[in-house]
>>> print(open('structure_29.cif').read())   # mmCIF, C-alpha atoms
data_work
#
loop_
_atom_site.label_atom_id
_atom_site.label_comp_id
_atom_site.auth_asym_id
_atom_site.auth_seq_id
_atom_site.Cartn_x
_atom_site.Cartn_y
_atom_site.Cartn_z
CA MET A 20 0.00 0.00 0.00
CA ASN A 21 1.23 3.47 -0.91
CA LYS A 22 2.42 5.37 2.19
CA SER A 23 0.69 8.68 1.38
CA PHE A 24 -2.53 6.77 0.62
CA GLY A 25 -2.19 5.13 4.04
CA ILE A 26 -1.82 8.50 5.75
CA ALA A 27 -4.71 9.99 3.75
CA SER A 28 -7.01 7.09 4.61
CA SER A 29 -6.03 7.35 8.29
CA VAL A 30 -6.88 11.06 8.25
CA ILE A 31 -10.25 10.26 6.65
CA ILE A 32 -11.00 7.55 9.23
CA VAL A 33 -10.14 9.90 12.12
CA PHE A 34 -12.30 12.60 10.52
CA LEU A 35 -15.27 10.21 10.13
CA CYS A 36 -14.84 9.09 13.74
CA LEU A 37 -14.97 12.73 14.88
CA ILE A 38 -18.18 13.30 12.89
CA TYR A 39 -19.70 10.14 14.36
CA ALA A 40 -18.68 11.18 17.88
CA GLY A 41 -20.23 14.61 17.26
CA ILE A 42 -23.51 13.03 16.15
CA ALA A 43 -23.48 10.69 19.14
CA VAL A 44 -22.97 13.61 21.55
CA SER A 45 -25.70 15.74 19.93
CA GLN A 46 -28.08 12.75 19.88
CA LYS A 47 -27.43 12.16 23.54
CA LYS A 48 -28.51 15.70 24.34
CA GLU A 49 -31.80 15.46 22.46
CA VAL A 50 -34.62 13.94 24.49
CA LEU A 51 -37.54 12.73 22.36
CA PRO A 52 -40.98 14.08 23.29
CA ALA A 53 -43.58 11.85 24.95
CA PRO A 54 -46.14 10.21 22.57
CA ASN A 55 -48.66 12.94 23.49
CA GLY A 56 -46.26 15.62 22.25
CA ILE A 57 -45.08 16.88 25.65
CA HIS A 58 -41.40 17.85 25.63
CA ILE A 59 -39.23 17.36 28.68
CA PRO A 60 -39.17 20.72 30.53
CA GLU A 61 -35.89 22.62 30.32
CA GLY A 62 -33.83 22.91 33.47
CA TYR A 63 -36.11 20.90 35.74
CA LYS A 64 -33.09 19.73 37.74
CA ASN A 65 -32.71 23.30 38.97
CA TRP A 66 -36.30 23.68 40.14
CA LYS A 67 -37.13 24.20 43.80
CA LEU A 68 -38.28 21.64 46.31
CA ILE A 69 -41.96 20.74 46.62
CA SER A 70 -41.64 17.48 48.56
CA VAL A 71 -39.95 14.08 48.91
CA SER A 72 -41.35 10.55 49.26
CA GLN A 73 -40.45 6.90 49.53
CA ARG A 74 -42.54 3.97 48.30
CA SER A 75 -42.13 0.55 49.88
CA ASP A 76 -44.39 -1.08 47.25
CA ASN A 77 -41.82 -0.57 44.51
CA ASN A 78 -38.75 0.34 46.60
CA THR A 79 -38.15 3.80 45.21
CA ILE A 80 -37.30 7.17 46.70
CA ARG A 81 -38.32 10.44 45.11
CA ALA A 82 -37.85 14.18 44.96
CA ILE A 83 -40.73 16.34 43.78
CA LEU A 84 -39.65 19.69 42.33
CA GLY A 85 -41.72 22.48 40.84
CA ASN A 86 -41.29 25.27 38.32
CA ASP A 87 -41.68 28.85 39.54
CA VAL A 88 -45.46 28.91 39.05
CA ALA A 89 -45.86 25.67 41.02
CA VAL A 90 -43.49 26.70 43.83
CA GLN A 91 -45.22 30.05 44.29
CA ALA A 92 -48.57 28.24 44.44
CA ALA A 93 -47.22 25.64 46.88
CA ARG A 94 -45.74 28.21 49.26
CA SER A 95 -48.86 30.34 49.31
CA GLY A 96 -51.19 27.36 49.74
CA GLN A 97 -52.93 27.97 46.39
CA THR A 98 -52.86 24.39 45.15
CA ASN A 99 -56.48 23.37 44.91
CA PRO A 100 -56.57 23.85 42.02
CA TRP A 101 -52.95 24.44 41.05
CA PRO A 102 -52.74 27.44 38.68
CA ASP A 103 -52.32 26.98 34.93
CA GLY A 104 -48.64 26.88 34.05
CA SER A 105 -47.69 24.82 37.11
CA ILE A 106 -45.35 21.94 36.35
CA LEU A 107 -44.48 19.26 38.88
CA ALA A 108 -41.44 17.03 38.34
CA LYS A 109 -41.07 13.72 40.12
CA ILE A 110 -37.54 12.32 40.04
CA VAL A 111 -37.36 8.65 40.98
CA TRP A 112 -34.46 6.46 42.13
CA GLN A 113 -34.28 2.86 43.23
CA ASP A 114 -33.85 2.49 47.00
CA ALA A 115 -30.31 1.90 48.19
CA ILE A 116 -28.92 1.41 51.69
CA HIS A 117 -26.31 3.82 53.02
CA GLU A 118 -22.99 2.00 53.41
CA GLN A 119 -22.38 3.50 56.88
CA TRP A 120 -25.95 3.86 58.09
CA PRO A 121 -27.92 0.68 57.38
CA THR A 122 -31.24 2.18 58.49
CA ALA A 123 -30.93 4.99 55.95
CA THR A 124 -32.58 4.60 52.55
CA ILE A 125 -30.89 6.73 49.91
CA PRO A 126 -31.16 7.12 46.13
CA GLY A 127 -29.53 4.29 44.16
CA LYS A 128 -29.94 3.71 40.44
CA PHE A 129 -31.74 6.51 38.62
CA MET A 130 -35.12 5.28 37.35
CA ILE A 131 -37.52 7.82 35.83
CA THR A 132 -38.65 11.41 35.64
CA GLU A 133 -42.38 12.12 35.59
CA PHE A 134 -44.08 15.43 34.91
CA MET A 135 -47.54 16.91 35.38
CA LEU A 136 -48.28 20.11 33.44
CA LYS A 137 -51.36 22.07 34.48
CA ASP A 138 -53.52 23.58 31.74
CA ALA A 139 -57.18 23.26 32.72
CA LYS A 140 -58.44 23.82 29.16
CA LYS A 141 -55.82 22.02 27.08
CA TYR A 142 -55.83 18.91 29.27
CA SER A 143 -59.49 18.99 30.34
CA ALA A 144 -59.91 15.29 29.37
CA THR A 145 -57.38 14.26 32.06
CA GLY A 146 -58.28 16.45 35.01
CA GLY A 147 -56.54 19.54 33.63
CA TRP A 148 -53.11 17.89 33.70
CA GLY A 149 -50.79 16.78 30.94
CA PHE A 150 -48.77 13.74 31.91
CA ALA A 151 -45.36 12.59 30.63
CA ARG A 152 -42.65 10.21 31.75
CA TRP A 153 -39.11 9.42 30.61
CA LEU A 154 -37.30 6.21 31.50
CA GLY A 155 -33.72 5.82 32.65
CA LEU A 156 -30.61 7.90 32.15
CA GLU A 157 -31.20 7.55 28.38
CA GLN A 158 -34.56 9.33 28.93
CA GLN A 159 -36.68 7.09 26.73
CA PRO A 160 -40.25 8.46 26.42
CA TYR A 161 -42.84 6.23 28.10
CA GLY A 162 -45.88 4.96 26.20
CA LYS A 163 -46.53 3.38 22.79
CA ASN A 164 -49.02 6.05 21.80
CA ALA A 165 -50.83 9.06 23.28
CA ASP A 166 -53.25 6.78 25.13
CA PHE A 167 -50.62 6.12 27.79
CA VAL A 168 -52.01 9.11 29.69
CA GLN A 169 -55.12 7.08 30.55
CA GLU A 170 -52.91 4.93 32.75
CA CYS A 171 -51.52 8.03 34.51
CA TYR A 172 -54.91 9.70 34.86
CA SER A 173 -56.75 6.64 36.18
CA CYS A 174 -54.12 6.23 38.90
CA HIS A 175 -54.56 9.89 39.89
CA ILE A 176 -58.39 9.82 40.03
CA PRO A 177 -58.47 8.91 43.76
CA MET A 178 -56.80 12.31 44.35
CA LYS A 179 -59.55 14.25 42.52
CA LYS A 180 -60.35 16.28 45.65
CA ASN A 181 -56.68 17.37 45.74
CA ASP A 182 -56.71 18.46 42.06
CA TYR A 183 -55.50 14.97 41.05
CA VAL A 184 -52.14 15.50 42.77
CA PHE A 185 -50.70 13.00 45.25
CA THR A 186 -47.99 15.37 46.46
CA HIS A 187 -48.67 17.59 49.46
CA PRO A 188 -46.12 20.44 49.41
CA VAL A 189 -43.78 20.32 52.42
CA ILE A 190 -44.09 22.70 55.34
CA MET A 191 -40.86 24.64 55.96
CA PRO A 192 -40.19 27.50 58.41
CA MET B 231 -64.60 58.31 83.80
CA ASN B 232 -64.06 61.31 81.54
CA LYS B 233 -65.08 60.50 77.93
CA SER B 234 -62.04 62.05 76.26
CA PHE B 235 -59.79 60.26 78.75
CA GLY B 236 -61.53 56.99 77.77
CA ILE B 237 -60.90 57.65 74.05
CA ALA B 238 -57.30 58.68 74.71
CA SER B 239 -56.60 55.55 76.77
CA SER B 240 -58.22 53.37 74.06
CA VAL B 241 -55.97 54.96 71.46
CA ILE B 242 -52.92 54.33 73.67
CA ILE B 243 -53.92 50.67 74.22
CA VAL B 244 -54.42 50.11 70.48
CA PHE B 245 -51.08 51.81 69.83
CA LEU B 246 -49.29 49.61 72.38
CA CYS B 247 -50.92 46.51 70.89
CA LEU B 248 -49.63 47.50 67.45
CA ILE B 249 -46.10 47.96 68.84
CA TYR B 250 -46.34 44.58 70.58
CA ALA B 251 -47.61 42.93 67.38
CA GLY B 252 -44.76 44.56 65.46
CA ILE B 253 -42.20 43.22 67.93
CA ALA B 254 -43.81 39.77 67.80
CA VAL B 255 -43.66 39.73 63.99
CA SER B 256 -40.07 40.96 63.85
CA GLN B 257 -39.07 38.45 66.53
CA LYS B 258 -40.69 35.67 64.55
CA LYS B 259 -38.61 36.57 61.50
CA GLU B 260 -35.32 36.72 63.35
CA VAL B 261 -33.66 33.32 63.75
CA LEU B 262 -31.04 33.27 66.49
CA PRO B 263 -27.55 32.04 65.53
CA ALA B 264 -26.28 28.66 66.67
CA PRO B 265 -24.10 28.68 69.85
CA ASN B 266 -20.98 28.52 67.65
CA GLY B 267 -21.99 31.77 65.93
CA ILE B 268 -23.24 30.26 62.65
CA HIS B 269 -26.25 32.11 61.27
CA ILE B 270 -28.96 30.29 59.36
CA PRO B 271 -28.13 30.69 55.64
CA GLU B 272 -30.40 33.04 53.72
CA GLY B 273 -32.76 31.52 51.19
CA TYR B 274 -31.80 27.88 51.75
CA LYS B 275 -35.35 26.81 50.87
CA ASN B 276 -34.64 27.90 47.30
CA TRP B 277 -31.42 25.92 46.94
CA LYS B 278 -31.13 23.11 44.42
CA LEU B 279 -31.45 19.40 45.05
CA ILE B 280 -28.45 17.37 46.21
CA SER B 281 -30.26 14.25 47.45
CA VAL B 282 -33.08 12.79 49.53
CA SER B 283 -33.13 10.14 52.27
CA GLN B 284 -35.33 8.30 54.74
CA ARG B 285 -34.24 6.93 58.11
CA SER B 286 -36.12 4.04 59.68
CA ASP B 287 -34.17 4.36 62.96
CA ASN B 288 -35.85 7.66 63.80
CA ASN B 289 -38.71 7.65 61.26
CA THR B 290 -37.76 10.78 59.38
CA ILE B 291 -37.60 11.73 55.72
CA ARG B 292 -35.20 14.34 54.39
CA ALA B 293 -34.27 16.61 51.52
CA ILE B 294 -30.64 17.65 51.11
CA LEU B 295 -30.17 20.93 49.24
CA GLY B 296 -27.00 22.81 48.38
CA ASN B 297 -25.96 26.39 47.75
CA ASP B 298 -24.52 27.22 44.30
CA VAL B 299 -20.95 26.27 45.24
CA ALA B 300 -22.10 22.90 46.58
CA VAL B 301 -24.41 22.15 43.63
CA GLN B 302 -21.71 22.96 41.10
CA ALA B 303 -19.31 20.68 42.99
CA ALA B 304 -21.92 17.91 43.23
CA ARG B 305 -22.78 17.99 39.53
CA SER B 306 -19.16 17.98 38.43
CA GLY B 307 -18.18 15.22 40.86
CA GLN B 308 -15.78 17.48 42.77
CA THR B 309 -16.89 16.54 46.27
CA ASN B 310 -13.90 14.88 47.84
CA PRO B 311 -13.13 17.32 49.28
CA TRP B 312 -16.05 19.67 48.79
CA PRO B 313 -14.74 23.16 47.91
CA ASP B 314 -14.63 25.94 50.50
CA GLY B 315 -17.88 27.88 50.45
CA SER B 316 -20.03 24.78 49.97
CA ILE B 317 -23.08 24.67 52.22
CA LEU B 318 -25.29 21.61 52.56
CA ALA B 319 -28.77 21.92 54.06
CA LYS B 320 -30.63 18.93 55.43
CA ILE B 321 -34.34 19.51 55.94
CA VAL B 322 -35.99 16.89 58.12
CA TRP B 323 -39.64 15.90 58.58
CA GLN B 324 -41.31 13.19 60.62
CA ASP B 325 -42.49 10.26 58.51
CA ALA B 326 -46.17 10.29 57.58
CA ILE B 327 -48.24 7.85 55.53
CA HIS B 328 -50.00 9.06 52.40
CA GLU B 329 -53.76 8.97 52.96
CA GLN B 330 -54.42 7.35 49.55
CA TRP B 331 -51.23 5.34 49.17
CA PRO B 332 -50.44 3.46 52.39
CA THR B 333 -47.06 2.22 51.15
CA ALA B 334 -45.88 5.78 50.52
CA THR B 335 -43.90 7.57 53.23
CA ILE B 336 -44.21 11.34 52.92
CA PRO B 337 -43.14 14.36 55.02
CA GLY B 338 -45.30 14.94 58.08
CA LYS B 339 -44.45 17.33 60.90
CA PHE B 340 -41.48 19.57 60.21
CA MET B 341 -38.59 18.67 62.55
CA ILE B 342 -35.22 20.35 61.95
CA THR B 343 -32.86 21.99 59.53
CA GLU B 344 -29.18 21.07 59.68
CA PHE B 345 -26.32 22.75 57.89
CA MET B 346 -22.70 21.93 57.08
CA LEU B 347 -20.53 24.86 55.96
CA LYS B 348 -17.20 24.02 54.36
CA ASP B 349 -14.18 26.13 55.28
CA ALA B 350 -11.13 23.91 55.58
CA LYS B 351 -9.15 26.48 57.58
CA LYS B 352 -11.82 28.06 59.78
CA TYR B 353 -13.31 24.71 60.80
CA SER B 354 -10.12 22.63 60.74
CA ALA B 355 -10.89 21.24 64.24
CA THR B 356 -14.05 19.54 62.92
CA GLY B 357 -12.99 18.12 59.57
CA GLY B 358 -13.22 21.45 57.75
CA TRP B 359 -16.95 21.74 58.36
CA GLY B 360 -18.98 24.10 60.50
CA PHE B 361 -22.11 22.46 61.87
CA ALA B 362 -25.39 24.06 62.92
CA ARG B 363 -28.94 22.91 63.56
CA TRP B 364 -32.26 24.63 64.23
CA LEU B 365 -35.23 22.87 65.83
CA GLY B 366 -38.86 23.06 64.76
CA LEU B 367 -40.86 25.68 62.92
CA GLU B 368 -39.78 28.15 65.63
CA GLN B 369 -36.16 27.48 64.53
CA GLN B 370 -34.63 27.22 67.98
CA PRO B 371 -30.81 26.92 67.77
CA TYR B 372 -29.55 23.50 68.89
CA GLY B 373 -26.87 23.18 71.58
CA LYS B 374 -26.25 24.71 75.01
CA ASN B 375 -22.82 26.03 74.04
CA ALA B 376 -20.34 25.84 71.16
CA ASP B 377 -19.28 22.32 72.19
CA PHE B 378 -22.41 20.90 70.58
CA VAL B 379 -20.40 20.54 67.35
CA GLN B 380 -18.44 17.68 68.93
CA GLU B 381 -21.64 15.62 68.84
CA CYS B 382 -22.10 16.43 65.11
CA TYR B 383 -18.47 15.84 64.23
CA SER B 384 -18.11 12.53 66.10
CA CYS B 385 -21.15 11.17 64.25
CA HIS B 386 -19.60 12.21 60.92
CA ILE B 387 -16.15 10.69 61.58
CA PRO B 388 -17.07 7.31 59.97
CA MET B 389 -17.48 9.28 56.71
CA LYS B 390 -13.95 10.74 56.85
CA LYS B 391 -13.05 9.13 53.52
CA ASN B 392 -16.03 10.97 51.97
CA ASP B 393 -14.94 14.36 53.41
CA TYR B 394 -17.11 13.69 56.49
CA VAL B 395 -20.30 13.86 54.42
CA PHE B 396 -22.97 11.14 54.56
CA THR B 397 -24.82 12.46 51.51
CA HIS B 398 -23.94 11.11 48.07
CA PRO B 399 -25.24 13.58 45.46
CA VAL B 400 -27.95 12.05 43.28
CA ILE B 401 -27.36 10.96 39.72
CA MET B 402 -29.71 12.68 37.25
CA PRO B 403 -29.75 12.58 33.44
#
>>> encode(input="structure_29.cif", output="structure tokens")
Amino acid sequence: MNKSFGIASSVIIVFLCLIYAGIAVSQKKEVLPAPNGIHIPEGYKNWKLISVSQRSDNNTIRAILGNDVAVQAARSGQTNPWPDGSILAKIVWQDAIHEQWPTATIPGKFMITEFMLKDAKKYSATGGWGFARWLGLEQQPYGKNADFVQECYSCHIPMKKNDYVFTHPVIMP
Amino acid sequence: MNKSFGIASSVIIVFLCLIYAGIAVSQKKEVLPAPNGIHIPEGYKNWKLISVSQRSDNNTIRAILGNDVAVQAARSGQTNPWPDGSILAKIVWQDAIHEQWPTATIPGKFMITEFMLKDAKKYSATGGWGFARWLGLEQQPYGKNADFVQECYSCHIPMKKNDYVFTHPVIMP
């Protein structure tokens, strides 16, 4: 094989690898919308605290955060109903045991993020809330088609008197 | 009794009540510093999420928030040691059971807020961390004198290899 051809082909291979890596990185950043068209809210990791919870039926521990509209509503007790524009984020981890404190349950493997978006008119068929869920660190949208929200909504119906929301905002001084 | 005297005394009583109410309100807002001189950090309720936990030994559920220095360190994995200026807030509630989901543990009565302030030089006697705790919604400082930090520090010594911090920041996508 000709030496300059070898160098040229190496340069091309490196170049193609860089393009591929670039695509991979940009693909990783893009989270697909849920089947009902809801996009994952920007910056939800930076939202303020609404509550926390732990479920022994599926061994998960959770943080519930809210966007500014939701947090203002929560802290002023105006959550029945929550105002339009409120978004609640539930971030869910598998239970883990603290290595130095065996009676402490802490977040282990990251599981899912779930969102409820309040728009009384737009989402009137599901209690005024739009539902969406993304699975795992790869943030795979949940649901085969838009009907997945029926599963979410039916589970939330027992909370109708609390505007379909399980979470009670925490009391803080 | 003279009528004008009666009106004047009523005005004085109302005036004194207003002063008293004003003092009561201003006293309610002022949180006393811990016995080691640490003041409760401003705006900690608005800090971002570091982790959550639940303890079955004392039936409490917790949110761990961080100031900007701490959150930046947590999200870039630079927490061993945590940088000077990091503050971690632990907000603690009594366990409660969700009224519609009996296997869900949620925050009940508010219990305490605890803080760890990192300053490797200033707090070198206690692992580089200043400790402080306030009790209840009335935010009563914990500890009879500055020696209370020995109780905090001795409990944190098993975590020396993790810069004396029990909390492992959560993984999020």
>>> resolve_selection(input="structure_29.cif", expression="the PyMOL selection byres ((chain A and resi 50-66) around 7)", output="ChimeraX atom specification")
/A:48-49,67-68,84-86,151,158,160-165 /B:278
>>> write_last_selection(input="structure_29.cif", atoms="C-alpha atoms", output="CSV table (one decimal), keeping the file's coordinate frame")
chain,number,residue,atom,x,y,z
A,48,LYS,CA,-28.5,15.7,24.3
A,49,GLU,CA,-31.8,15.5,22.5
A,67,LYS,CA,-37.1,24.2,43.8
A,68,LEU,CA,-38.3,21.6,46.3
A,84,LEU,CA,-39.6,19.7,42.3
A,85,GLY,CA,-41.7,22.5,40.8
A,86,ASN,CA,-41.3,25.3,38.3
A,151,ALA,CA,-45.4,12.6,30.6
A,158,GLN,CA,-34.6,9.3,28.9
A,160,PRO,CA,-40.2,8.5,26.4
A,161,TYR,CA,-42.8,6.2,28.1
A,162,GLY,CA,-45.9,5.0,26.2
A,163,LYS,CA,-46.5,3.4,22.8
A,164,ASN,CA,-49.0,6.0,21.8
A,165,ALA,CA,-50.8,9.1,23.3
B,278,LYS,CA,-31.1,23.1,44.4
>>> axis_aligned_box(input="structure_29.cif", around="region 322-329 of chain B", padding_each_side="8 Å", output="lines of an AutoDock Vina configuration file")
center_x = -44.9
center_y = 12.4
center_z = 56.5
size_x = 33.8
size_y = 25.0
size_z = 24.2
>>> interface_residues(input="structure_29.cif", of="chain A", to="chain B", cutoff="7 Å", atoms="only C-alpha atoms", output="PDB file with C-alpha atoms, keeping the file's coordinate frame")
ATOM      1  CA  ASN A  65     -32.710  23.300  38.970  1.00  0.00           C
ATOM      2  CA  TRP A  66     -36.300  23.680  40.140  1.00  0.00           C
ATOM      3  CA  LYS A  67     -37.130  24.200  43.800  1.00  0.00           C
ATOM      4  CA  VAL A  71     -39.950  14.080  48.910  1.00  0.00           C
ATOM      5  CA  SER A  72     -41.350  10.550  49.260  1.00  0.00           C
ATOM      6  CA  GLN A  73     -40.450   6.900  49.530  1.00  0.00           C
ATOM      7  CA  ARG A  74     -42.540   3.970  48.300  1.00  0.00           C
ATOM      8  CA  SER A  75     -42.130   0.550  49.880  1.00  0.00           C
ATOM      9  CA  ASP A  76     -44.390  -1.080  47.250  1.00  0.00           C
ATOM     10  CA  ALA A  82     -37.850  14.180  44.960  1.00  0.00           C
ATOM     11  CA  THR A 122     -31.240   2.180  58.490  1.00  0.00           C
ATOM     12  CA  ALA A 123     -30.930   4.990  55.950  1.00  0.00           C
ATOM     13  CA  THR A 124     -32.580   4.600  52.550  1.00  0.00           C
ATOM     14  CA  ILE A 125     -30.890   6.730  49.910  1.00  0.00           C
ATOM     15  CA  PRO A 126     -31.160   7.120  46.130  1.00  0.00           C
ATOM     16  CA  PHE A 129     -31.740   6.510  38.620  1.00  0.00           C
ATOM     17  CA  LEU A 156     -30.610   7.900  32.150  1.00  0.00           C
ATOM     18  CA  VAL A 189     -43.780  20.320  52.420  1.00  0.00           C
ATOM     19  CA  ILE A 190     -44.090  22.700  55.340  1.00  0.00           C
ATOM     20  CA  MET A 191     -40.860  24.640  55.960  1.00  0.00           C
ATOM     21  CA  PRO A 192     -40.190  27.500  58.410  1.00  0.00           C
TER      22      PRO A 192
END
>>> residues_around(input="structure_29.cif", residues="region 315-317 of chain B", least_positions_apart="5", cutoff="7 Å", atoms="all atoms listed in the file", output="list in words")
Gly296, Asn297, Val299, Ala300, Phe345, Met346, Leu347, Lys348 and Asp349 of chain B
>>> residues_around(input="structure_29.cif", residues="Val168 (chain A)", least_positions_apart="5", cutoff="8 Å", atoms="all atoms listed in the file", output="number ranges by chain")
A: 145, 149-151
>>> residues_around(input="structure_29.cif", residues="Val395 (chain B)", least_positions_apart="4", cutoff="10 Å", atoms="all atoms listed in the file", output="list in words")
Thr309, Asn310, Pro311, Trp312, Leu318, Met346, Gly357, Trp359, His386, Ile387, Pro388, Met389, Lys390 and Lys391 of chain B
>>> atom_distance(input="structure_29.cif", atom1="CA of Leu365 (chain B)", atom2="CA of Gln302 (chain B)")
28.2 Å
>>> closest_residue(input="structure_29.cif", among="A:Lys109, A:Asp182, A:Gln159, A:Ser173", to="Ala139 (chain A)", atoms="all atoms listed in the file")
A:Asp182
>>> atom_distance(input="structure_29.cif", atom1="CA of Lys352 (chain B)", atom2="CA of Asp314 (chain B)")
9.9 Å
>>> atom_distance(input="structure_29.cif", atom1="CA of Cys171 (chain A)", atom2="CA of Tyr142 (chain A)")
12.8 Å
>>> build_atoms(input="structure_29.cif", residues="region 90-102 of chain A", atoms="N, CA and C atoms", output="mmCIF file, in the coordinates of the input")
data_model
loop_
_atom_site.group_PDB
_atom_site.id
_atom_site.type_symbol
_atom_site.label_atom_id
_atom_site.label_comp_id
_atom_site.auth_asym_id
_atom_site.auth_seq_id
_atom_site.Cartn_x
_atom_site.Cartn_y
_atom_site.Cartn_z
ATOM 1 N N VAL A 90 -44.086 26.428 42.510
ATOM 2 C CA VAL A 90 -43.490 26.700 43.830
ATOM 3 C C VAL A 90 -44.194 27.875 44.499
ATOM 4 N N GLN A 91 -44.499 28.904 43.718
ATOM 5 C CA GLN A 91 -45.220 30.050 44.290
ATOM 6 C C GLN A 91 -46.596 29.612 44.800
ATOM 7 N N ALA A 92 -47.256 28.752 44.030
ATOM 8 C CA ALA A 92 -48.570 28.240 44.440
ATOM 9 C C ALA A 92 -48.435 27.403 45.710
ATOM 10 N N ALA A 93 -47.417 26.536 45.743
ATOM 11 C CA ALA A 93 -47.220 25.640 46.880
ATOM 12 C C ALA A 93 -46.955 26.432 48.160
ATOM 13 N N ARG A 94 -46.134 27.475 48.057
ATOM 14 C CA ARG A 94 -45.740 28.210 49.260
ATOM 15 C C ARG A 94 -46.792 29.192 49.737
ATOM 16 N N SER A 95 -47.780 29.455 48.878
ATOM 17 C CA SER A 95 -48.860 30.340 49.310
ATOM 18 C C SER A 95 -50.148 29.543 49.526
ATOM 19 N N GLY A 96 -50.035 28.209 49.458
ATOM 20 C CA GLY A 96 -51.190 27.360 49.740
ATOM 21 C C GLY A 96 -52.284 27.414 48.679
ATOM 22 N N GLN A 97 -51.934 27.845 47.470
ATOM 23 C CA GLN A 97 -52.930 27.970 46.390
ATOM 24 C C GLN A 97 -52.825 26.779 45.440
ATOM 25 N N THR A 98 -53.088 25.587 45.956
ATOM 26 C CA THR A 98 -52.860 24.390 45.150
ATOM 27 C C THR A 98 -54.112 23.552 44.939
ATOM 28 N N ASN A 99 -55.261 24.132 45.155
ATOM 29 C CA ASN A 99 -56.480 23.370 44.910
ATOM 30 C C ASN A 99 -57.553 24.255 44.279
ATOM 31 N N PRO A 100 -57.490 24.492 42.965
ATOM 32 C CA PRO A 100 -56.570 23.850 42.020
ATOM 33 C C PRO A 100 -55.208 24.562 41.935
ATOM 34 N N TRP A 101 -54.230 23.817 41.395
ATOM 35 C CA TRP A 101 -52.950 24.440 41.050
ATOM 36 C C TRP A 101 -53.207 25.372 39.858
ATOM 37 N N PRO A 102 -52.514 26.502 39.792
ATOM 38 C CA PRO A 102 -52.740 27.440 38.680
ATOM 39 C C PRO A 102 -52.205 26.897 37.349
#
